[in-house]
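Source file: my_file_4.cif. Holds: mmCIF, N, CA and C atoms.
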```
data_protein
loop_
_atom_site.label_atom_id
_atom_site.label_comp_id
_atom_site.auth_asym_id
_atom_site.auth_seq_id
_atom_site.Cartn_x
_atom_site.Cartn_y
_atom_site.Cartn_z
N MET Y 1 3.29 -24.58 -40.73
CA MET Y 1 3.49 -25.55 -39.66
C MET Y 1 3.32 -24.84 -38.31
N ASN Y 2 2.65 -25.47 -37.42
CA ASN Y 2 2.43 -24.90 -36.08
C ASN Y 2 3.63 -25.21 -35.20
N LEU Y 3 4.42 -24.16 -34.88
CA LEU Y 3 5.62 -24.36 -34.07
C LEU Y 3 5.30 -24.51 -32.60
N ALA Y 4 4.10 -24.12 -32.19
CA ALA Y 4 3.74 -24.19 -30.77
C ALA Y 4 3.60 -25.64 -30.32
N MET Y 5 3.14 -26.51 -31.20
CA MET Y 5 2.90 -27.90 -30.81
C MET Y 5 4.18 -28.63 -30.41
N PRO Y 6 5.25 -28.61 -31.25
CA PRO Y 6 6.47 -29.29 -30.81
C PRO Y 6 7.02 -28.69 -29.52
N PHE Y 7 6.93 -27.37 -29.37
CA PHE Y 7 7.39 -26.73 -28.15
C PHE Y 7 6.57 -27.22 -26.95
N ALA Y 8 5.26 -27.32 -27.14
CA ALA Y 8 4.38 -27.76 -26.06
C ALA Y 8 4.71 -29.20 -25.66
N LEU Y 9 4.96 -30.05 -26.63
CA LEU Y 9 5.30 -31.44 -26.31
C LEU Y 9 6.62 -31.52 -25.57
N CYS Y 10 7.60 -30.72 -26.00
CA CYS Y 10 8.90 -30.68 -25.31
C CYS Y 10 8.71 -30.20 -23.88
N ALA Y 11 7.91 -29.16 -23.71
CA ALA Y 11 7.69 -28.61 -22.37
C ALA Y 11 7.05 -29.65 -21.46
N MET Y 12 6.08 -30.38 -21.98
CA MET Y 12 5.41 -31.40 -21.16
C MET Y 12 6.39 -32.50 -20.78
N GLN Y 13 7.19 -32.95 -21.73
CA GLN Y 13 8.15 -34.01 -21.45
C GLN Y 13 9.16 -33.57 -20.39
N ARG Y 14 9.53 -32.31 -20.43
CA ARG Y 14 10.51 -31.78 -19.51
C ARG Y 14 10.03 -31.84 -18.07
N PHE Y 15 8.71 -31.71 -17.87
CA PHE Y 15 8.17 -31.64 -16.52
C PHE Y 15 7.59 -32.96 -16.01
N LEU Y 16 7.63 -33.98 -16.83
CA LEU Y 16 7.16 -35.29 -16.38
C LEU Y 16 8.31 -36.05 -15.75
N SER Y 17 8.03 -36.82 -14.73
CA SER Y 17 9.09 -37.61 -14.09
C SER Y 17 8.56 -39.01 -13.83
N MET Y 18 9.46 -39.93 -13.49
CA MET Y 18 9.09 -41.31 -13.24
C MET Y 18 8.17 -41.41 -12.03
N GLY Y 19 7.01 -42.03 -12.21
CA GLY Y 19 6.12 -42.29 -11.09
C GLY Y 19 5.32 -41.09 -10.62
N ARG Y 20 5.55 -39.93 -11.19
CA ARG Y 20 4.82 -38.73 -10.80
C ARG Y 20 4.30 -38.07 -12.06
N THR Y 21 3.15 -37.47 -11.95
CA THR Y 21 2.59 -36.78 -13.11
C THR Y 21 3.35 -35.47 -13.35
N VAL Y 22 3.55 -34.70 -12.31
CA VAL Y 22 4.19 -33.40 -12.44
C VAL Y 22 5.17 -33.22 -11.28
N LEU Y 23 6.31 -32.62 -11.59
CA LEU Y 23 7.29 -32.31 -10.54
C LEU Y 23 6.71 -31.26 -9.59
N PRO Y 24 7.20 -31.22 -8.36
CA PRO Y 24 6.77 -30.15 -7.46
C PRO Y 24 7.09 -28.79 -8.10
N PHE Y 25 6.20 -27.85 -7.91
CA PHE Y 25 6.34 -26.56 -8.59
C PHE Y 25 7.65 -25.86 -8.22
N SER Y 26 8.10 -26.02 -6.99
CA SER Y 26 9.36 -25.38 -6.60
C SER Y 26 10.52 -25.93 -7.44
N GLN Y 27 10.49 -27.21 -7.76
CA GLN Y 27 11.52 -27.80 -8.61
C GLN Y 27 11.38 -27.34 -10.06
N VAL Y 28 10.15 -27.24 -10.51
CA VAL Y 28 9.89 -26.77 -11.87
C VAL Y 28 10.42 -25.34 -12.02
N LEU Y 29 10.16 -24.52 -11.02
CA LEU Y 29 10.62 -23.14 -11.04
C LEU Y 29 12.14 -23.08 -11.07
N GLU Y 30 12.79 -23.91 -10.28
CA GLU Y 30 14.26 -23.95 -10.26
C GLU Y 30 14.80 -24.43 -11.60
N GLN Y 31 14.16 -25.44 -12.18
CA GLN Y 31 14.59 -25.92 -13.51
C GLN Y 31 14.49 -24.81 -14.54
N GLU Y 32 13.38 -24.08 -14.49
CA GLU Y 32 13.17 -22.99 -15.45
C GLU Y 32 14.27 -21.94 -15.29
N ALA Y 33 14.58 -21.58 -14.06
CA ALA Y 33 15.64 -20.60 -13.81
C ALA Y 33 16.97 -21.11 -14.36
N GLN Y 34 17.24 -22.41 -14.20
CA GLN Y 34 18.49 -23.00 -14.70
C GLN Y 34 18.53 -22.96 -16.23
N GLU Y 35 17.38 -23.15 -16.86
CA GLU Y 35 17.34 -23.15 -18.32
C GLU Y 35 17.59 -21.76 -18.90
N TRP Y 36 17.44 -20.75 -18.10
CA TRP Y 36 17.69 -19.37 -18.54
C TRP Y 36 19.12 -18.93 -18.21
N ARG Y 37 19.97 -19.84 -17.73
CA ARG Y 37 21.35 -19.49 -17.35
C ARG Y 37 22.15 -18.88 -18.49
N LYS Y 38 22.10 -19.49 -19.67
CA LYS Y 38 22.87 -18.96 -20.81
C LYS Y 38 22.39 -17.56 -21.18
N PHE Y 39 21.08 -17.39 -21.19
CA PHE Y 39 20.52 -16.06 -21.46
C PHE Y 39 21.03 -15.07 -20.42
N ARG Y 40 21.04 -15.47 -19.16
CA ARG Y 40 21.48 -14.62 -18.07
C ARG Y 40 22.94 -14.20 -18.27
N ARG Y 41 23.78 -15.18 -18.66
CA ARG Y 41 25.20 -14.88 -18.88
C ARG Y 41 25.39 -13.86 -20.00
N GLY Y 42 24.48 -13.86 -20.96
CA GLY Y 42 24.56 -12.92 -22.08
C GLY Y 42 24.13 -11.51 -21.71
N LEU Y 43 23.48 -11.36 -20.58
CA LEU Y 43 23.03 -10.04 -20.15
C LEU Y 43 24.17 -9.25 -19.52
N ARG Y 44 24.03 -7.92 -19.53
CA ARG Y 44 24.97 -7.08 -18.79
C ARG Y 44 24.80 -7.37 -17.31
N LYS Y 45 25.84 -7.11 -16.53
CA LYS Y 45 25.82 -7.40 -15.09
C LYS Y 45 24.61 -6.78 -14.41
N GLU Y 46 24.34 -5.51 -14.71
CA GLU Y 46 23.22 -4.85 -14.04
C GLU Y 46 21.86 -5.46 -14.42
N ASP Y 47 21.77 -6.05 -15.61
CA ASP Y 47 20.53 -6.68 -16.03
C ASP Y 47 20.38 -8.09 -15.44
N GLN Y 48 21.50 -8.74 -15.15
CA GLN Y 48 21.44 -10.07 -14.55
C GLN Y 48 20.69 -10.03 -13.22
N GLN Y 49 20.92 -8.99 -12.44
CA GLN Y 49 20.24 -8.89 -11.15
C GLN Y 49 18.73 -8.73 -11.33
N PHE Y 50 18.32 -8.07 -12.41
CA PHE Y 50 16.89 -7.92 -12.65
C PHE Y 50 16.25 -9.25 -13.03
N LEU Y 51 16.94 -10.03 -13.83
CA LEU Y 51 16.42 -11.36 -14.17
C LEU Y 51 16.31 -12.21 -12.91
N ASP Y 52 17.32 -12.14 -12.06
CA ASP Y 52 17.28 -12.89 -10.79
C ASP Y 52 16.08 -12.45 -9.95
N ARG Y 53 15.83 -11.16 -9.92
CA ARG Y 53 14.69 -10.65 -9.13
C ARG Y 53 13.36 -11.14 -9.69
N LEU Y 54 13.26 -11.29 -11.01
CA LEU Y 54 12.02 -11.81 -11.59
C LEU Y 54 11.73 -13.22 -11.09
N PHE Y 55 12.76 -14.06 -11.06
CA PHE Y 55 12.56 -15.42 -10.56
C PHE Y 55 12.29 -15.42 -9.06
N GLU Y 56 12.88 -14.47 -8.34
CA GLU Y 56 12.58 -14.35 -6.90
C GLU Y 56 11.11 -13.98 -6.70
N GLU Y 57 10.59 -13.11 -7.55
CA GLU Y 57 9.18 -12.75 -7.46
C GLU Y 57 8.29 -13.95 -7.72
N ALA Y 58 8.68 -14.78 -8.68
CA ALA Y 58 7.89 -15.98 -8.97
C ALA Y 58 7.90 -16.93 -7.78
N ARG Y 59 9.02 -16.98 -7.05
CA ARG Y 59 9.11 -17.88 -5.89
C ARG Y 59 8.15 -17.47 -4.77
N LEU Y 60 7.71 -16.23 -4.78
CA LEU Y 60 6.76 -15.77 -3.76
C LEU Y 60 5.39 -16.43 -3.92
N HIS Y 61 5.17 -17.04 -5.08
CA HIS Y 61 3.85 -17.62 -5.37
C HIS Y 61 3.92 -19.12 -5.65
N VAL Y 62 4.86 -19.79 -5.02
CA VAL Y 62 5.01 -21.24 -5.22
C VAL Y 62 3.73 -21.98 -4.85
N GLN Y 63 3.10 -21.61 -3.74
CA GLN Y 63 1.87 -22.30 -3.32
C GLN Y 63 0.78 -22.19 -4.38
N ALA Y 64 0.64 -21.02 -4.97
CA ALA Y 64 -0.36 -20.84 -6.03
C ALA Y 64 -0.01 -21.70 -7.24
N GLY Y 65 1.28 -21.81 -7.53
CA GLY Y 65 1.72 -22.65 -8.64
C GLY Y 65 1.41 -24.12 -8.41
N VAL Y 66 1.58 -24.55 -7.18
CA VAL Y 66 1.23 -25.93 -6.83
C VAL Y 66 -0.26 -26.14 -7.02
N TYR Y 67 -1.03 -25.20 -6.54
CA TYR Y 67 -2.49 -25.32 -6.59
C TYR Y 67 -2.99 -25.29 -8.03
N ALA Y 68 -2.37 -24.44 -8.87
CA ALA Y 68 -2.81 -24.29 -10.26
C ALA Y 68 -2.52 -25.54 -11.08
N SER Y 69 -1.35 -26.13 -10.88
CA SER Y 69 -0.95 -27.35 -11.58
C SER Y 69 -1.25 -27.26 -13.07
N ARG Y 70 -0.74 -26.23 -13.72
CA ARG Y 70 -0.97 -26.02 -15.15
C ARG Y 70 -0.03 -26.88 -15.99
N PRO Y 71 -0.46 -27.24 -17.20
CA PRO Y 71 0.39 -28.08 -18.04
C PRO Y 71 1.69 -27.39 -18.46
N TRP Y 72 1.69 -26.06 -18.58
CA TRP Y 72 2.87 -25.29 -18.92
C TRP Y 72 3.18 -24.35 -17.77
N PRO Y 73 4.01 -24.78 -16.86
CA PRO Y 73 4.28 -24.01 -15.65
C PRO Y 73 4.85 -22.62 -15.89
N PHE Y 74 5.48 -22.39 -17.05
CA PHE Y 74 6.04 -21.07 -17.31
C PHE Y 74 4.94 -20.01 -17.31
N GLU Y 75 3.74 -20.38 -17.70
CA GLU Y 75 2.60 -19.45 -17.61
C GLU Y 75 2.40 -18.99 -16.17
N THR Y 76 2.44 -19.93 -15.25
CA THR Y 76 2.26 -19.62 -13.83
C THR Y 76 3.40 -18.74 -13.34
N ILE Y 77 4.61 -19.01 -13.80
CA ILE Y 77 5.77 -18.21 -13.41
C ILE Y 77 5.56 -16.76 -13.88
N LEU Y 78 5.15 -16.60 -15.14
CA LEU Y 78 4.94 -15.25 -15.67
C LEU Y 78 3.82 -14.52 -14.93
N ILE Y 79 2.73 -15.21 -14.66
CA ILE Y 79 1.62 -14.58 -13.94
C ILE Y 79 2.07 -14.18 -12.53
N SER Y 80 2.88 -15.00 -11.89
CA SER Y 80 3.40 -14.67 -10.56
C SER Y 80 4.23 -13.39 -10.60
N ILE Y 81 5.07 -13.28 -11.62
CA ILE Y 81 5.89 -12.08 -11.78
C ILE Y 81 5.00 -10.86 -12.05
N LEU Y 82 4.00 -11.04 -12.90
CA LEU Y 82 3.08 -9.94 -13.21
C LEU Y 82 2.30 -9.48 -11.98
N ILE Y 83 1.92 -10.40 -11.12
CA ILE Y 83 1.22 -10.04 -9.88
C ILE Y 83 2.10 -9.13 -9.04
N GLU Y 84 3.37 -9.50 -8.90
CA GLU Y 84 4.29 -8.67 -8.11
C GLU Y 84 4.50 -7.30 -8.75
N HIS Y 85 4.57 -7.27 -10.07
CA HIS Y 85 4.71 -5.98 -10.76
C HIS Y 85 3.46 -5.13 -10.58
N GLU Y 86 2.30 -5.75 -10.65
CA GLU Y 86 1.04 -5.01 -10.46
C GLU Y 86 0.98 -4.44 -9.05
N LYS Y 87 1.37 -5.22 -8.06
CA LYS Y 87 1.39 -4.73 -6.68
C LYS Y 87 2.31 -3.52 -6.55
N ALA Y 88 3.47 -3.59 -7.18
CA ALA Y 88 4.42 -2.47 -7.13
C ALA Y 88 3.84 -1.24 -7.82
N LEU Y 89 3.17 -1.44 -8.96
CA LEU Y 89 2.55 -0.31 -9.67
C LEU Y 89 1.48 0.36 -8.82
N VAL Y 90 0.64 -0.43 -8.18
CA VAL Y 90 -0.42 0.12 -7.34
C VAL Y 90 0.19 0.94 -6.21
N GLU Y 91 1.23 0.40 -5.59
CA GLU Y 91 1.90 1.11 -4.50
C GLU Y 91 2.52 2.42 -4.99
N LEU Y 92 3.18 2.39 -6.14
CA LEU Y 92 3.80 3.60 -6.69
C LEU Y 92 2.75 4.64 -7.08
N ARG Y 93 1.63 4.18 -7.65
CA ARG Y 93 0.55 5.12 -8.01
C ARG Y 93 -0.01 5.80 -6.77
N ALA Y 94 -0.18 5.03 -5.70
CA ALA Y 94 -0.70 5.60 -4.45
C ALA Y 94 0.28 6.63 -3.90
N LYS Y 95 1.57 6.33 -3.92
CA LYS Y 95 2.57 7.29 -3.44
C LYS Y 95 2.59 8.54 -4.30
N LEU Y 96 2.49 8.37 -5.61
CA LEU Y 96 2.46 9.51 -6.52
C LEU Y 96 1.23 10.38 -6.26
N ARG Y 97 0.08 9.74 -6.08
CA ARG Y 97 -1.15 10.47 -5.79
C ARG Y 97 -0.99 11.28 -4.50
N THR Y 98 -0.40 10.67 -3.47
CA THR Y 98 -0.18 11.36 -2.20
C THR Y 98 0.73 12.58 -2.41
N LEU Y 99 1.81 12.40 -3.16
CA LEU Y 99 2.72 13.51 -3.43
C LEU Y 99 2.04 14.63 -4.22
N GLU Y 100 1.23 14.24 -5.20
CA GLU Y 100 0.51 15.24 -6.00
C GLU Y 100 -0.48 16.01 -5.14
N GLU Y 101 -1.16 15.31 -4.23
CA GLU Y 101 -2.12 15.98 -3.34
C GLU Y 101 -1.40 16.94 -2.41
N LYS Y 102 -0.25 16.54 -1.88
CA LYS Y 102 0.53 17.42 -1.02
C LYS Y 102 0.99 18.65 -1.80
N GLU Y 103 1.40 18.43 -3.05
CA GLU Y 103 1.86 19.53 -3.88
C GLU Y 103 0.71 20.50 -4.16
N ASP Y 104 -0.49 19.96 -4.44
CA ASP Y 104 -1.66 20.80 -4.69
C ASP Y 104 -2.01 21.63 -3.46
N VAL Y 105 -1.98 21.02 -2.29
CA VAL Y 105 -2.30 21.72 -1.05
C VAL Y 105 -1.24 22.78 -0.78
N GLY Y 106 0.02 22.45 -0.96
CA GLY Y 106 1.11 23.38 -0.73
C GLY Y 106 1.08 24.56 -1.68
N SER Y 107 0.74 24.35 -2.93
CA SER Y 107 0.72 25.44 -3.91
C SER Y 107 -0.48 26.35 -3.71
N SER Y 108 -1.59 25.82 -3.20
CA SER Y 108 -2.77 26.66 -3.00
C SER Y 108 -2.63 27.53 -1.75
N SER Y 109 -1.75 27.18 -0.83
CA SER Y 109 -1.59 27.96 0.39
C SER Y 109 -0.53 29.05 0.25
N LEU Y 110 0.20 29.03 -0.89
CA LEU Y 110 1.20 30.06 -1.09
C LEU Y 110 0.54 31.36 -1.51
N PRO Y 111 1.01 32.49 -1.01
CA PRO Y 111 0.42 33.76 -1.43
C PRO Y 111 0.77 34.05 -2.89
N LEU Y 112 -0.16 34.66 -3.58
CA LEU Y 112 0.07 35.01 -4.98
C LEU Y 112 0.99 36.23 -5.03
N PRO Y 113 1.86 36.32 -6.02
CA PRO Y 113 2.75 37.49 -6.12
C PRO Y 113 1.93 38.74 -6.47
N ASN Y 114 2.37 39.89 -5.94
CA ASN Y 114 1.68 41.17 -6.23
C ASN Y 114 1.97 41.58 -7.67
N ASP Y 115 0.93 42.02 -8.33
CA ASP Y 115 1.11 42.54 -9.69
C ASP Y 115 1.53 44.00 -9.57
N ARG Y 116 2.60 44.42 -10.18
CA ARG Y 116 3.04 45.81 -10.13
C ARG Y 116 3.11 46.38 -11.48
#
```

Now that the file is in, can you turn its structure into structure tokens?
Amino acid sequence: MNLAMPFALCAMQRFLSMGRTVLPFSQVLEQEAQEWRKFRRGLRKEDQQFLDRLFEEARLHVQAGVYASRPWPFETILISILIEHEKALVELRAKLRTLEEKEDVGSSSLPLPNDR
């Protein structure tokens, strides 16, 4: 049995409203965050803040979510989070590269120890 189909139908019903095809993406995002409340409560305190930050990252891309208007908005939420993570990775790699280059320059300018 394909379990994705009943889930997909439930997801679509959840996002349909009277007189509108799809809820505004900002509301969909808030609903999704609310649906993860029980999961959040089950997390350790320090992990709860990370879950909150993931939804905050998704909120940075509300306009893109509106424009995409996908049938399963959680996909858009995940892609929004991944975009923010990719940006952070690129920034960290650049900083690491800069530090490595400084280390290489610093180590090549040090005098070599005398062999005795």

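On the file presented, the PyMOL selection byres (((chain Y and resi 57 and name CA) around 10) and name CA) picks out Leu51, Asp52, Arg53, Leu54, Phe55, Glu56, Ala58, Arg59, Leu60, His61, Val62, Ile77, Leu78, Ser80, Ile81, Leu82, Ile83, Glu84 and His85 of chain Y.
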
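Our summary of the geometry notes that atom CA of Y:Gln49 is positioned 25.9 Å from atom CA of Y:Val66.
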
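Relative to atom CA of Y:Thr76, atom CA of Y:Gln34 is found at 16.6 Å.
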
Quiz prompt | Output check: residues returned by the PyMOL selection byres ((chain Y and resi 26) around 8), as number ranges by chain | solution = Y: 23-25, 27-32, 59, 62-63, 65-66

Restrict the selected residues to N, CA and C atoms and save them as a compact mmCIF listing (two decimals), in the frame of the given file.
```txt
# COMPACT_ATOMS: atom_id res chain seq x y z
N LEU Y 23 6.31 -32.62 -11.59
CA LEU Y 23 7.29 -32.31 -10.54
C LEU Y 23 6.71 -31.26 -9.59
N PRO Y 24 7.20 -31.22 -8.36
CA PRO Y 24 6.77 -30.15 -7.46
C PRO Y 24 7.09 -28.79 -8.10
N PHE Y 25 6.20 -27.85 -7.91
CA PHE Y 25 6.34 -26.56 -8.59
C PHE Y 25 7.65 -25.86 -8.22
N GLN Y 27 10.49 -27.21 -7.76
CA GLN Y 27 11.52 -27.80 -8.61
C GLN Y 27 11.38 -27.34 -10.06
N VAL Y 28 10.15 -27.24 -10.51
CA VAL Y 28 9.89 -26.77 -11.87
C VAL Y 28 10.42 -25.34 -12.02
N LEU Y 29 10.16 -24.52 -11.02
CA LEU Y 29 10.62 -23.14 -11.04
C LEU Y 29 12.14 -23.08 -11.07
N GLU Y 30 12.79 -23.91 -10.28
CA GLU Y 30 14.26 -23.95 -10.26
C GLU Y 30 14.80 -24.43 -11.60
N GLN Y 31 14.16 -25.44 -12.18
CA GLN Y 31 14.59 -25.92 -13.51
C GLN Y 31 14.49 -24.81 -14.54
N GLU Y 32 13.38 -24.08 -14.49
CA GLU Y 32 13.17 -22.99 -15.45
C GLU Y 32 14.27 -21.94 -15.29
N ARG Y 59 9.02 -16.98 -7.05
CA ARG Y 59 9.11 -17.88 -5.89
C ARG Y 59 8.15 -17.47 -4.77
N VAL Y 62 4.86 -19.79 -5.02
CA VAL Y 62 5.01 -21.24 -5.22
C VAL Y 62 3.73 -21.98 -4.85
N GLN Y 63 3.10 -21.61 -3.74
CA GLN Y 63 1.87 -22.30 -3.32
C GLN Y 63 0.78 -22.19 -4.38
N GLY Y 65 1.28 -21.81 -7.53
CA GLY Y 65 1.72 -22.65 -8.64
C GLY Y 65 1.41 -24.12 -8.41
N VAL Y 66 1.58 -24.55 -7.18
CA VAL Y 66 1.23 -25.93 -6.83
C VAL Y 66 -0.26 -26.14 -7.02
```

Using the file's own x, y and z axes, what box holds all listed atoms of stretch 40-47 of chain Y with 6 Å on each side, keeping edges along x, y and z, and what are its centre and edge lengths in Å to one decimal, as JSON?
```
{"center_x": 23.1, "center_y": -10.2, "center_z": -18.1, "size_x": 17.5, "size_y": 22.6, "size_z": 20.0}
```

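One distance worth recording is that between atom N of Y:Leu99 and atom CA of Y:Lys87, which is 17.5 Å.
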